[in-house]
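K.L.:
My questions all concern the structure below.
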Number of protein chains: 2
Amino acid sequence: MRSAASAPGKVILFGEHAVVYGKPAVAVAINRRTTVTLEDSGEMRIDIPSLGISFTGESGTPAGGILDYIMRALELYHDGSPLRVRVDMEVPAGSGLGSSAALTVALIGALDAYHGREAGPDDTASRAHRVELDVQGAASPLDTAVSTYGGLIYLAPDRTVRRLSADLRDSLVISSTHRSGNTAEMVASVRERYERLPEVMSMIMDATEMITRTACRFILENNLEPLGELMNINHGLLDAMGVSTPELSMMVHEARAAGAAGAKITGAGGGGSIVAFCPGTAGSVAEALGRKWNTLRAEFSSEGVLHL
Amino acid sequence: MRSAASAPGKVILFGEHAVVYGKPAVAVAINRRTTVTLEDSGEMRIDIPSLGISFTGESGTPAGGILDYIMRALELYHDGSPLRVRVDMEVPAGSGLGSSAALTVALIGALDAYHGREAGPDDTASRAHRVELDVQGAASPLDTAVSTYGGLIYLAPDRTVRRLSADLRDSLVISSTHRSGNTAEMVASVRERYERLPEVMSMIMDATEMITRTACRFILENNLEPLGELMNINHGLLDAMGVSTPELSMMVHEARAAGAAGAKITGAGGGGSIVAFCPGTAGSVAEALGRKWNTLRAEFSSEGVLHL
């Protein structure tokens with residue numbers, strides 16, 4: 001028996017960090033996918049070639065990082081029979097591009113197929129969210145929704161997800177610093193700033209919410225032109241939250257100078273990645289950023305989880 | 001007949017740009033002063049050695065830049081008799097450090113002494129503000145109040161100025177980019193962003209107001225420790241307004257890395273200066289920034305206009 005599924009990574013366009021305070025956020029799927037292949041095997045075995053991970057049952061219980069997501073998904077949605085799990089990641093871990101959600105969604109898709117379970121995308125999204133919750137303690141359903149449905153997702157303040165139709169093709173460039181951001185640490189550092197200065201920080205979260213809502217309104221009107229400026233403003237608010245770094249600031253300025261309509265930190269910051277919105281200029285922005293940084297021209301993708 | 005007066009430059013600690021939208025701001029006088037010396041002369045003559053300006057009546061009516069302030073003050077507060085006006089500036093023009101207000105206040109102080117007019121600081125401040133209004137079209141009374149009274153000044157939303165007592169000695173470092181910021185241009189560019197995205201930008205101005213008010217509260221409690229973090233947050237909001245530049249971002253990050261409790265753009269941005277709050281670390285921050293930038297360790301000064 002063999003099954004496989006893949007799921008896309010994502011970039012948050014608006015509202016990271018604010019999302020932790022009940023605010024809305026917008027993210028899109030990108031054409032970098034994680035593929036999980038399951039095969040019957042005489043022993044439990046997990047291979048993630050891009051991370052140099054090759055784990056067998058004899059190594060003891062794996063723990064830490066991305067393996068936690070695999071182990072928890074197997075506990076919840078597999079019967080314990082020995083499997084070979086192979087993970088091929090085009091979404092680099094720690095880049096803020098939703099690598100854990102892409103992996104989790106792809107694994108759940110593959111497990112459902114392996115067990116012949118009928119599962120629509122809503123089931124997949126909710127199972128994957130449960131795994132993220134169990135592993136992280138707290139997690140918004142945004143990443144797993146994007147990896148499941150693809151396209152552009154709006155996470156409302158009531159934590160429901162809405163799929164918006166938009167076409168952001170040929171316009172996104174992602175550039176990553178050489179240092180991974182640690183999401184849990186960055187969330188904690190924003191929390192500390194919030195606790196020290198609640199009146200100020202709550203207004204910054206409110207302003208972020210207004211940016212996200214305004215962006216949604218423009219997206220619904222199919223008027224994408226103002227998104228760049230809104231991303232620039234959102235970046236300033238992320239800087240105000242304390243999650244920018246010298247490298248991220250430099251990348252954002254370089255992207256704008258190279259012709260991006262807007263650029264911002266995407267994800268938790270403190271390292272990780274920026275996303276630039278570059279309708280008509282994606283090639284030159286990617287080239288300019290690519291001289292110094294790990295840069296990928298990420299295509300917006302409407303494909304969510306796919307059974308292979 | 002000879003008279004002379006000097007007045008200090010300033011740095012805005014909180015609230016620049018938001019002040020244009022009726023929000024409060026906080027600024028402090030620094031120990032960089034502009035001195036104006038007036039002497040009877042056979043002809044009208046203005047010398048500003050630091051700017052290479054040497055103007056005599058025969059050159060026609062001077063116009064542009066800082067000379068406009070001198071000509072307007074002479075029109076309003078002098079009787080037209082020929083004078084030699086000598087201006088010695090420790091406050092570089094275009095640096096965002098209030099060079100025009102320092103010059104105007106010092107000149108008005110010197111003119112009042114020249115004419116034997118009894119003038120308290122409130123008269124000086126209001127005359128200087130009138131000159132700035134006439135020259136700039138719009139101007140807050142903040143800069144001229146700081147140059148007149150010295151110390152730390154809070155400009156309230158009703159445009160009255162309040163002198164707060166605080167001692168920020170040994171803690172301010174100012175670093176200037178090689179490019180002057182153009183205040184009028186930067187104010188106009190924020191205005192355009194505001195008009196494009198009024199709901200978002202009004203919330204950013206409101207958040208800036210909350211920062212300024214919170215800072216004031218801490219200053220009144222003589223608790224200066226949180227000011228650095230508030231400056232960092234204010235910097236992010238200035239970035240969100242669109243007035244940061246790659247150089248300003250870099251300087252702010254370098255100041256923080258060198259031990260500043262906080263650092264931000266001061267003044268209009270788009271070039272100009274940053275101010276870093278560095279209690280206990282001013283020496284090392286000034287040294288680190290001084291390797292690449294024009295940096296001065298500016299002492300907080302409680303001295304306002306002085307008749308010499």
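Note on naming: chains are A, B, ... as they come in the structure tokens, residues start from 1 per chain, ligands start from 1 in the order shown.
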Got a sec to tell me which of stretch 112-193 of chain B DSSP assigns to helix (DSSP H, G or I), as number ranges by chain?

P.N.:
B: 112-114, 121-136, 142-149, 183-193

K.L.:
Keeping only N, CA, C and O atoms, write those residues as a compact mmCIF listing (two decimals), in the first residue's frame.

P.N.:
# COMPACT_ATOMS: atom_id res chain seq x y z
N ASP B 112 15.17 92.34 20.37
CA ASP B 112 14.52 92.94 21.55
C ASP B 112 15.56 93.69 22.38
O ASP B 112 15.33 94.81 22.84
N ALA B 113 16.73 93.08 22.56
CA ALA B 113 17.78 93.74 23.33
C ALA B 113 18.27 94.99 22.59
O ALA B 113 18.47 96.05 23.19
N TYR B 114 18.42 94.87 21.30
CA TYR B 114 18.90 96.00 20.48
C TYR B 114 17.98 97.21 20.63
O TYR B 114 18.43 98.34 20.73
N PRO B 121 10.06 85.55 28.06
CA PRO B 121 10.13 84.42 27.13
C PRO B 121 8.82 84.16 26.38
O PRO B 121 8.85 83.74 25.22
N ASP B 122 7.68 84.44 27.03
CA ASP B 122 6.42 84.19 26.32
C ASP B 122 6.30 85.09 25.09
O ASP B 122 5.82 84.66 24.03
N ASP B 123 6.76 86.35 25.22
CA ASP B 123 6.76 87.25 24.06
C ASP B 123 7.70 86.72 22.98
O ASP B 123 7.36 86.72 21.79
N THR B 124 8.89 86.32 23.40
CA THR B 124 9.87 85.83 22.44
C THR B 124 9.31 84.63 21.68
O THR B 124 9.38 84.55 20.46
N ALA B 125 8.73 83.69 22.45
CA ALA B 125 8.19 82.48 21.82
C ALA B 125 7.09 82.84 20.82
O ALA B 125 7.04 82.30 19.71
N SER B 126 6.22 83.78 21.21
CA SER B 126 5.10 84.05 20.32
C SER B 126 5.56 84.83 19.09
O SER B 126 5.07 84.61 17.98
N ARG B 127 6.53 85.75 19.26
CA ARG B 127 7.07 86.45 18.09
C ARG B 127 7.77 85.47 17.14
O ARG B 127 7.61 85.54 15.91
N ALA B 128 8.53 84.57 17.70
CA ALA B 128 9.27 83.62 16.86
C ALA B 128 8.29 82.69 16.13
O ALA B 128 8.46 82.36 14.94
N HIS B 129 7.25 82.30 16.82
CA HIS B 129 6.25 81.44 16.18
C HIS B 129 5.58 82.19 15.03
O HIS B 129 5.34 81.61 13.96
N ARG B 130 5.32 83.47 15.23
CA ARG B 130 4.72 84.26 14.15
C ARG B 130 5.62 84.28 12.91
O ARG B 130 5.14 84.13 11.78
N VAL B 131 6.92 84.43 13.14
CA VAL B 131 7.85 84.42 12.00
C VAL B 131 7.80 83.06 11.30
O VAL B 131 7.70 82.98 10.06
N GLU B 132 7.82 81.98 12.08
CA GLU B 132 7.78 80.65 11.45
C GLU B 132 6.48 80.45 10.66
O GLU B 132 6.48 79.88 9.57
N LEU B 133 5.38 80.91 11.25
CA LEU B 133 4.09 80.81 10.56
C LEU B 133 4.12 81.57 9.24
O LEU B 133 3.67 81.07 8.20
N ASP B 134 4.65 82.79 9.28
CA ASP B 134 4.67 83.61 8.07
C ASP B 134 5.54 82.97 6.99
O ASP B 134 5.20 82.99 5.81
N VAL B 135 6.65 82.39 7.40
CA VAL B 135 7.58 81.83 6.41
C VAL B 135 7.10 80.48 5.90
O VAL B 135 7.16 80.18 4.71
N GLN B 136 6.59 79.63 6.82
CA GLN B 136 6.27 78.25 6.45
C GLN B 136 4.81 78.07 6.04
O GLN B 136 4.46 77.02 5.51
N LEU B 142 5.87 74.29 18.62
CA LEU B 142 6.75 73.44 19.43
C LEU B 142 8.21 73.87 19.33
O LEU B 142 8.88 74.08 20.34
N ASP B 143 8.73 73.97 18.11
CA ASP B 143 10.16 74.27 17.95
C ASP B 143 10.54 75.59 18.59
O ASP B 143 11.55 75.69 19.30
N THR B 144 9.74 76.62 18.33
CA THR B 144 10.08 77.92 18.87
C THR B 144 9.93 77.94 20.40
O THR B 144 10.70 78.61 21.09
N ALA B 145 8.99 77.17 20.93
CA ALA B 145 8.86 77.08 22.39
C ALA B 145 10.11 76.43 22.99
O ALA B 145 10.65 76.90 24.00
N VAL B 146 10.56 75.33 22.37
CA VAL B 146 11.75 74.65 22.92
C VAL B 146 12.96 75.58 22.85
O VAL B 146 13.72 75.70 23.82
N SER B 147 13.14 76.28 21.72
CA SER B 147 14.30 77.16 21.59
C SER B 147 14.21 78.34 22.56
O SER B 147 15.22 78.90 22.95
N THR B 148 13.00 78.72 22.93
CA THR B 148 12.83 79.84 23.86
C THR B 148 13.01 79.42 25.31
O THR B 148 13.74 80.05 26.07
N TYR B 149 12.33 78.35 25.70
CA TYR B 149 12.31 77.98 27.12
C TYR B 149 13.42 77.00 27.49
O TYR B 149 13.78 76.87 28.64
N THR B 183 11.40 68.88 5.09
CA THR B 183 10.23 68.78 5.96
C THR B 183 8.93 68.94 5.17
O THR B 183 8.00 68.14 5.32
N ALA B 184 8.88 69.96 4.33
CA ALA B 184 7.63 70.21 3.59
C ALA B 184 7.26 69.02 2.72
O ALA B 184 6.11 68.59 2.66
N GLU B 185 8.27 68.45 2.05
CA GLU B 185 8.00 67.27 1.20
C GLU B 185 7.52 66.08 2.02
O GLU B 185 6.63 65.34 1.60
N MET B 186 8.16 65.86 3.17
CA MET B 186 7.78 64.70 3.97
C MET B 186 6.37 64.88 4.55
O MET B 186 5.58 63.94 4.59
N VAL B 187 6.07 66.09 4.99
CA VAL B 187 4.72 66.37 5.51
C VAL B 187 3.69 66.13 4.40
O VAL B 187 2.64 65.52 4.62
N ALA B 188 4.04 66.54 3.18
CA ALA B 188 3.11 66.35 2.06
C ALA B 188 2.95 64.87 1.73
O ALA B 188 1.86 64.40 1.41
N SER B 189 4.04 64.10 1.83
CA SER B 189 3.92 62.68 1.45
C SER B 189 3.11 61.91 2.50
O SER B 189 2.35 61.00 2.15
N VAL B 190 3.23 62.30 3.77
CA VAL B 190 2.37 61.67 4.79
C VAL B 190 0.92 62.07 4.54
O VAL B 190 0.01 61.23 4.64
N ARG B 191 0.71 63.32 4.20
CA ARG B 191 -0.64 63.79 3.91
C ARG B 191 -1.27 62.99 2.76
O ARG B 191 -2.43 62.59 2.83
N GLU B 192 -0.48 62.71 1.72
CA GLU B 192 -1.01 61.94 0.59
C GLU B 192 -1.38 60.52 1.03
O GLU B 192 -2.43 60.00 0.64
N ARG B 193 -0.51 59.90 1.83
CA ARG B 193 -0.84 58.56 2.34
C ARG B 193 -2.10 58.63 3.19
O ARG B 193 -2.95 57.74 3.12

K.L.:
If you take only C-alpha atoms and a cut-off of 12 Å, which residues of chain A touch chain B, and what are their nearest atom pairs and distances in Å to one decimal, in chain and number order, as JSON lines?

P.N.:
{"residue": "A:Val190", "atom": "CA", "partner": "B:Ile233", "partner_atom": "CA", "distance": 11.5}
{"residue": "A:Glu192", "atom": "CA", "partner": "B:Glu229", "partner_atom": "CA", "distance": 11.6}
{"residue": "A:Arg193", "atom": "CA", "partner": "B:Glu229", "partner_atom": "CA", "distance": 8.5}
{"residue": "A:Tyr194", "atom": "CA", "partner": "B:Ile233", "partner_atom": "CA", "distance": 11.3}
{"residue": "A:Arg196", "atom": "CA", "partner": "B:Pro226", "partner_atom": "CA", "distance": 8.8}
{"residue": "A:Leu197", "atom": "CA", "partner": "B:Thr214", "partner_atom": "CA", "distance": 8.5}
{"residue": "A:Pro198", "atom": "CA", "partner": "B:Met210", "partner_atom": "CA", "distance": 10.4}
{"residue": "A:Glu199", "atom": "CA", "partner": "B:Met210", "partner_atom": "CA", "distance": 7.2}
{"residue": "A:Val200", "atom": "CA", "partner": "B:Met210", "partner_atom": "CA", "distance": 5.7}
{"residue": "A:Met201", "atom": "CA", "partner": "B:Ala207", "partner_atom": "CA", "distance": 8.2}
{"residue": "A:Ser202", "atom": "CA", "partner": "B:Ala207", "partner_atom": "CA", "distance": 8.7}
{"residue": "A:Met203", "atom": "CA", "partner": "B:Ala207", "partner_atom": "CA", "distance": 5.4}
{"residue": "A:Ile204", "atom": "CA", "partner": "B:Ala207", "partner_atom": "CA", "distance": 6.3}
{"residue": "A:Met205", "atom": "CA", "partner": "B:Ala207", "partner_atom": "CA", "distance": 9.7}
{"residue": "A:Asp206", "atom": "CA", "partner": "B:Met203", "partner_atom": "CA", "distance": 7.7}
{"residue": "A:Ala207", "atom": "CA", "partner": "B:Met203", "partner_atom": "CA", "distance": 5.4}
{"residue": "A:Thr208", "atom": "CA", "partner": "B:Val200", "partner_atom": "CA", "distance": 8.2}
{"residue": "A:Glu209", "atom": "CA", "partner": "B:Val200", "partner_atom": "CA", "distance": 8.9}
{"residue": "A:Met210", "atom": "CA", "partner": "B:Val200", "partner_atom": "CA", "distance": 5.7}
{"residue": "A:Ile211", "atom": "CA", "partner": "B:Val200", "partner_atom": "CA", "distance": 6.0}
{"residue": "A:Thr212", "atom": "CA", "partner": "B:Val200", "partner_atom": "CA", "distance": 9.6}
{"residue": "A:Arg213", "atom": "CA", "partner": "B:Val200", "partner_atom": "CA", "distance": 9.6}
{"residue": "A:Thr214", "atom": "CA", "partner": "B:Val200", "partner_atom": "CA", "distance": 7.9}
{"residue": "A:Ala215", "atom": "CA", "partner": "B:Val200", "partner_atom": "CA", "distance": 10.4}
{"residue": "A:Phe218", "atom": "CA", "partner": "B:Leu197", "partner_atom": "CA", "distance": 11.4}
{"residue": "A:Glu225", "atom": "CA", "partner": "B:Arg196", "partner_atom": "CA", "distance": 11.7}
{"residue": "A:Pro226", "atom": "CA", "partner": "B:Arg196", "partner_atom": "CA", "distance": 8.8}
{"residue": "A:Leu227", "atom": "CA", "partner": "B:Leu197", "partner_atom": "CA", "distance": 11.0}
{"residue": "A:Glu229", "atom": "CA", "partner": "B:Arg193", "partner_atom": "CA", "distance": 8.5}
{"residue": "A:Leu230", "atom": "CA", "partner": "B:Leu197", "partner_atom": "CA", "distance": 8.5}
{"residue": "A:Met231", "atom": "CA", "partner": "B:Ala240", "partner_atom": "CA", "distance": 9.3}
{"residue": "A:Asn232", "atom": "CA", "partner": "B:Ala240", "partner_atom": "CA", "distance": 6.5}
{"residue": "A:Ile233", "atom": "CA", "partner": "B:Ala240", "partner_atom": "CA", "distance": 4.2}
{"residue": "A:Asn234", "atom": "CA", "partner": "B:Ala240", "partner_atom": "CA", "distance": 6.8}
{"residue": "A:His235", "atom": "CA", "partner": "B:Ala240", "partner_atom": "CA", "distance": 6.8}
{"residue": "A:Gly236", "atom": "CA", "partner": "B:Ala240", "partner_atom": "CA", "distance": 4.0}
{"residue": "A:Leu237", "atom": "CA", "partner": "B:Gly236", "partner_atom": "CA", "distance": 5.7}
{"residue": "A:Leu238", "atom": "CA", "partner": "B:Gly236", "partner_atom": "CA", "distance": 7.3}
{"residue": "A:Asp239", "atom": "CA", "partner": "B:Gly236", "partner_atom": "CA", "distance": 4.8}
{"residue": "A:Ala240", "atom": "CA", "partner": "B:Gly236", "partner_atom": "CA", "distance": 4.0}
{"residue": "A:Met241", "atom": "CA", "partner": "B:Ile233", "partner_atom": "CA", "distance": 6.7}
{"residue": "A:Gly242", "atom": "CA", "partner": "B:Ile233", "partner_atom": "CA", "distance": 7.4}
{"residue": "A:Val243", "atom": "CA", "partner": "B:Gly236", "partner_atom": "CA", "distance": 10.3}
{"residue": "A:Ser244", "atom": "CA", "partner": "B:Gly236", "partner_atom": "CA", "distance": 9.4}
{"residue": "A:Thr245", "atom": "CA", "partner": "B:His253", "partner_atom": "CA", "distance": 7.5}
{"residue": "A:Pro246", "atom": "CA", "partner": "B:His253", "partner_atom": "CA", "distance": 5.9}
{"residue": "A:Glu247", "atom": "CA", "partner": "B:Met250", "partner_atom": "CA", "distance": 9.2}
{"residue": "A:Leu248", "atom": "CA", "partner": "B:Ser249", "partner_atom": "CA", "distance": 10.3}
{"residue": "A:Ser249", "atom": "CA", "partner": "B:Ser249", "partner_atom": "CA", "distance": 6.8}
{"residue": "A:Met250", "atom": "CA", "partner": "B:Pro246", "partner_atom": "CA", "distance": 6.5}
{"residue": "A:Met251", "atom": "CA", "partner": "B:Pro246", "partner_atom": "CA", "distance": 9.5}
{"residue": "A:Val252", "atom": "CA", "partner": "B:Pro246", "partner_atom": "CA", "distance": 9.0}
{"residue": "A:His253", "atom": "CA", "partner": "B:Pro246", "partner_atom": "CA", "distance": 5.9}
{"residue": "A:Glu254", "atom": "CA", "partner": "B:Pro246", "partner_atom": "CA", "distance": 8.2}
{"residue": "A:Ala255", "atom": "CA", "partner": "B:Pro246", "partner_atom": "CA", "distance": 11.1}
{"residue": "A:Arg256", "atom": "CA", "partner": "B:Pro246", "partner_atom": "CA", "distance": 10.3}
{"residue": "A:Ala257", "atom": "CA", "partner": "B:Pro246", "partner_atom": "CA", "distance": 9.6}
{"residue": "A:Gly262", "atom": "CA", "partner": "B:Gly242", "partner_atom": "CA", "distance": 11.1}
{"residue": "A:Ala263", "atom": "CA", "partner": "B:Ala240", "partner_atom": "CA", "distance": 11.6}
{"residue": "A:Lys264", "atom": "CA", "partner": "B:Ala240", "partner_atom": "CA", "distance": 10.7}

K.L.:
Can you pull out every residue within 12 Å of A:Asp79, counting only C-alpha atoms, but drop anything in the same chain fewer than 2 positions away, and send it as number ranges by chain?

P.N.:
A: 73-77, 81-83, 111-112, 114-115

K.L.:
When you look at A:Leu97 with a cut-off of 8 Å (counting only C-alpha atoms), what residues show up, excluding the ones that are within fewer than 5 positions of it in the same chain? I need them as an NGL selection string.

P.N.:
:A and (9-11 or 91-92 or 266-267 or 273)

K.L.:
Keeping only N, CA and C atoms, write the selected residues as a JSON list (two decimals), in the first residue's frame.

P.N.:
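Saved the output as again03.json:
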[["chain", "number", "residue", "atom", "x", "y", "z"],
["A", 9, "GLY", "N", 2.92, 25.70, 0.79],
["A", 9, "GLY", "CA", 3.30, 26.66, 1.83],
["A", 9, "GLY", "C", 2.49, 27.93, 1.65],
["A", 10, "LYS", "N", 2.74, 28.89, 2.50],
["A", 10, "LYS", "CA", 1.96, 30.13, 2.45],
["A", 10, "LYS", "C", 2.83, 31.33, 2.79],
["A", 11, "VAL", "N", 2.36, 32.49, 2.41],
["A", 11, "VAL", "CA", 2.88, 33.72, 3.00],
["A", 11, "VAL", "C", 1.73, 34.49, 3.60],
["A", 91, "VAL", "N", 9.26, 23.85, 0.85],
["A", 91, "VAL", "CA", 9.06, 24.96, 1.78],
["A", 91, "VAL", "C", 10.11, 24.83, 2.87],
["A", 92, "PRO", "N", 11.10, 25.72, 2.89],
["A", 92, "PRO", "CA", 12.15, 25.55, 3.89],
["A", 92, "PRO", "C", 11.63, 25.73, 5.31],
["A", 266, "THR", "N", 7.12, 38.78, 6.60],
["A", 266, "THR", "CA", 6.00, 37.84, 6.58],
["A", 266, "THR", "C", 6.27, 36.76, 7.62],
["A", 267, "GLY", "N", 5.27, 36.47, 8.42],
["A", 267, "GLY", "CA", 5.49, 35.52, 9.50],
["A", 267, "GLY", "C", 5.95, 36.23, 10.75],
["A", 273, "SER", "N", 11.54, 35.65, 6.82],
["A", 273, "SER", "CA", 11.38, 36.12, 5.44],
["A", 273, "SER", "C", 10.63, 37.44, 5.33]]

K.L.:
Would you mind listing what lies within 9 Å of A:Thr177 as a PyMOL selection string, with only C-alpha atoms counted and same-chain residues fewer than 2 positions away left out?

P.N.:
chain A and resi 95+175+179-181+247-248+251+271-274+293-295

K.L.:
For N, CA and C atoms, I'd like the residues from the last selection saved as a PDB file, in the first residue's frame.

P.N.:
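The file below, selection.pdb, is the result:
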ATOM      1  N   SER A  95      11.322  29.301   7.822  1.00  0.00           N
ATOM      2  CA  SER A  95      11.376  30.481   6.963  1.00  0.00           C
ATOM      3  C   SER A  95      10.137  31.358   7.124  1.00  0.00           C
ATOM      4  N   SER A 175      11.920  36.646   0.135  1.00  0.00           N
ATOM      5  CA  SER A 175      13.354  36.641   0.338  1.00  0.00           C
ATOM      6  C   SER A 175      13.592  36.314   1.801  1.00  0.00           C
ATOM      7  N   ARG A 179      18.935  33.570   8.828  1.00  0.00           N
ATOM      8  CA  ARG A 179      18.622  33.144  10.178  1.00  0.00           C
ATOM      9  C   ARG A 179      17.134  32.811  10.259  1.00  0.00           C
ATOM     10  N   SER A 180      16.809  31.656  10.799  1.00  0.00           N
ATOM     11  CA  SER A 180      15.406  31.320  11.010  1.00  0.00           C
ATOM     12  C   SER A 180      14.843  32.194  12.115  1.00  0.00           C
ATOM     13  N   GLY A 181      13.606  32.567  11.955  1.00  0.00           N
ATOM     14  CA  GLY A 181      12.923  33.206  13.070  1.00  0.00           C
ATOM     15  C   GLY A 181      12.335  32.135  13.968  1.00  0.00           C
ATOM     16  N   GLU A 247      18.556  42.983   9.054  1.00  0.00           N
ATOM     17  CA  GLU A 247      18.459  42.307   7.751  1.00  0.00           C
ATOM     18  C   GLU A 247      17.076  42.451   7.135  1.00  0.00           C
ATOM     19  N   LEU A 248      16.048  42.244   7.936  1.00  0.00           N
ATOM     20  CA  LEU A 248      14.686  42.343   7.398  1.00  0.00           C
ATOM     21  C   LEU A 248      14.401  43.769   6.923  1.00  0.00           C
ATOM     22  N   MET A 251      16.211  44.262   3.610  1.00  0.00           N
ATOM     23  CA  MET A 251      15.560  43.554   2.512  1.00  0.00           C
ATOM     24  C   MET A 251      14.301  44.287   2.050  1.00  0.00           C
ATOM     25  N   GLY A 271      14.052  37.362  12.016  1.00  0.00           N
ATOM     26  CA  GLY A 271      14.700  36.442  11.075  1.00  0.00           C
ATOM     27  C   GLY A 271      13.593  35.986  10.147  1.00  0.00           C
ATOM     28  N   GLY A 272      13.810  34.901   9.405  1.00  0.00           N
ATOM     29  CA  GLY A 272      12.740  34.455   8.515  1.00  0.00           C
ATOM     30  C   GLY A 272      12.715  35.266   7.236  1.00  0.00           C
ATOM     31  N   SER A 273      11.537  35.651   6.818  1.00  0.00           N
ATOM     32  CA  SER A 273      11.376  36.124   5.437  1.00  0.00           C
ATOM     33  C   SER A 273      10.632  37.442   5.328  1.00  0.00           C
ATOM     34  N   ILE A 274      10.815  38.063   4.169  1.00  0.00           N
ATOM     35  CA  ILE A 274       9.940  39.163   3.762  1.00  0.00           C
ATOM     36  C   ILE A 274       9.170  38.724   2.524  1.00  0.00           C
ATOM     37  N   TRP A 293      20.541  37.669  -0.942  1.00  0.00           N
ATOM     38  CA  TRP A 293      19.727  36.860  -0.042  1.00  0.00           C
ATOM     39  C   TRP A 293      19.194  35.637  -0.774  1.00  0.00           C
ATOM     40  N   ASN A 294      18.748  34.681   0.033  1.00  0.00           N
ATOM     41  CA  ASN A 294      17.996  33.543  -0.501  1.00  0.00           C
ATOM     42  C   ASN A 294      16.652  34.038  -0.965  1.00  0.00           C
ATOM     43  N   THR A 295      16.457  34.044  -2.255  1.00  0.00           N
ATOM     44  CA  THR A 295      15.235  34.670  -2.750  1.00  0.00           C
ATOM     45  C   THR A 295      14.504  33.724  -3.674  1.00  0.00           C
TER      46      THR A 295
END

K.L.:
Using only C-alpha atoms, which residue out of A:Asp167, A:Glu43, A:Glu118, A:Asp88 lies closest to A:Glu299?

P.N.:
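Selected residue with least distance to A:Glu299: A:Asp167.
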
K.L.:
Please indicate the distance in Å from atom CA of B:Arg33 to atom CA of B:Gly64, rounded to one decimal place.

P.N.:
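Result for atom CA of B:Arg33 versus atom CA of B:Gly64: 21.7 Å, one decimal.
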
K.L.:
List every residue of stretch 152-288 of chain B that DSSP, applied to the backbone of this structure, assigns to strand (DSSP E or B), and report them as a PyMOL selection string.

P.N.:
chain B and resi 152-155+161-164+172-176+262-266+273-277

K.L.:
Restrict the selected residues to C-alpha atoms and save them as an mmCIF file, in the first residue's frame.

P.N.:
data_model
loop_
_atom_site.group_PDB
_atom_site.id
_atom_site.type_symbol
_atom_site.label_atom_id
_atom_site.label_comp_id
_atom_site.auth_asym_id
_atom_site.auth_seq_id
_atom_site.Cartn_x
_atom_site.Cartn_y
_atom_site.Cartn_z
ATOM 1 C CA LEU B 152 11.498 69.527 27.836
ATOM 2 C CA ILE B 153 8.326 70.809 26.207
ATOM 3 C CA TYR B 154 4.981 69.074 25.750
ATOM 4 C CA LEU B 155 2.791 70.463 23.018
ATOM 5 C CA VAL B 161 2.942 74.340 25.382
ATOM 6 C CA ARG B 162 3.771 72.926 28.786
ATOM 7 C CA ARG B 163 7.213 72.804 30.292
ATOM 8 C CA LEU B 164 7.876 69.466 31.953
ATOM 9 C CA LEU B 172 20.949 61.486 24.098
ATOM 10 C CA VAL B 173 22.890 60.680 20.960
ATOM 11 C CA ILE B 174 21.967 62.214 17.627
ATOM 12 C CA SER B 175 23.182 60.871 14.349
ATOM 13 C CA SER B 176 22.560 62.478 10.992
ATOM 14 C CA GLY B 262 15.631 53.141 22.155
ATOM 15 C CA ALA B 263 16.181 54.960 18.892
ATOM 16 C CA LYS B 264 13.994 56.657 16.347
ATOM 17 C CA ILE B 265 13.844 59.111 13.516
ATOM 18 C CA THR B 266 13.626 62.636 14.883
ATOM 19 C CA SER B 273 18.557 62.555 11.900
ATOM 20 C CA ILE B 274 17.824 59.898 14.440
ATOM 21 C CA VAL B 275 17.857 60.320 18.189
ATOM 22 C CA ALA B 276 18.900 57.527 20.518
ATOM 23 C CA PHE B 277 18.099 57.387 24.204
#

K.L.:
Excluding A:Ile46 and any residue of its chain fewer than 4 positions from it, enumerate the residues within 12 Å of it, using only C-alpha atoms, and give them as a PyMOL selection string.

P.N.:
chain A and resi 36-39+41+51-59+61-62+66-68+70-71+74+82-88+107

K.L.:
Find the residues near A:Ile12: any atom within 8 Å, counting only C-alpha atoms, skip ones fewer than 3 places away on the same chain, and give them as a compact mmCIF listing (two decimals) with C-alpha atoms, in the first residue's frame.

P.N.:
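File selection06.txt, as written:
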# COMPACT_ATOMS: atom_id res chain seq x y z
CA GLY A 15 -1.95 40.66 10.14
CA GLU A 16 0.73 38.36 11.57
CA ALA A 25 -5.26 38.06 8.87
CA VAL A 26 -4.81 37.32 5.18
CA ALA A 27 -2.51 34.69 3.73
CA VAL A 28 -1.98 33.13 0.32
CA THR A 266 6.00 37.84 6.58
CA GLY A 267 5.49 35.52 9.50

K.L.:
Can you measure atom CA of A:Ser140 to atom CA of A:Gly80 for me? One decimal in Å is fine.

P.N.:
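Going from atom CA of A:Ser140 over to atom CA of A:Gly80, I get 28.0 Å.
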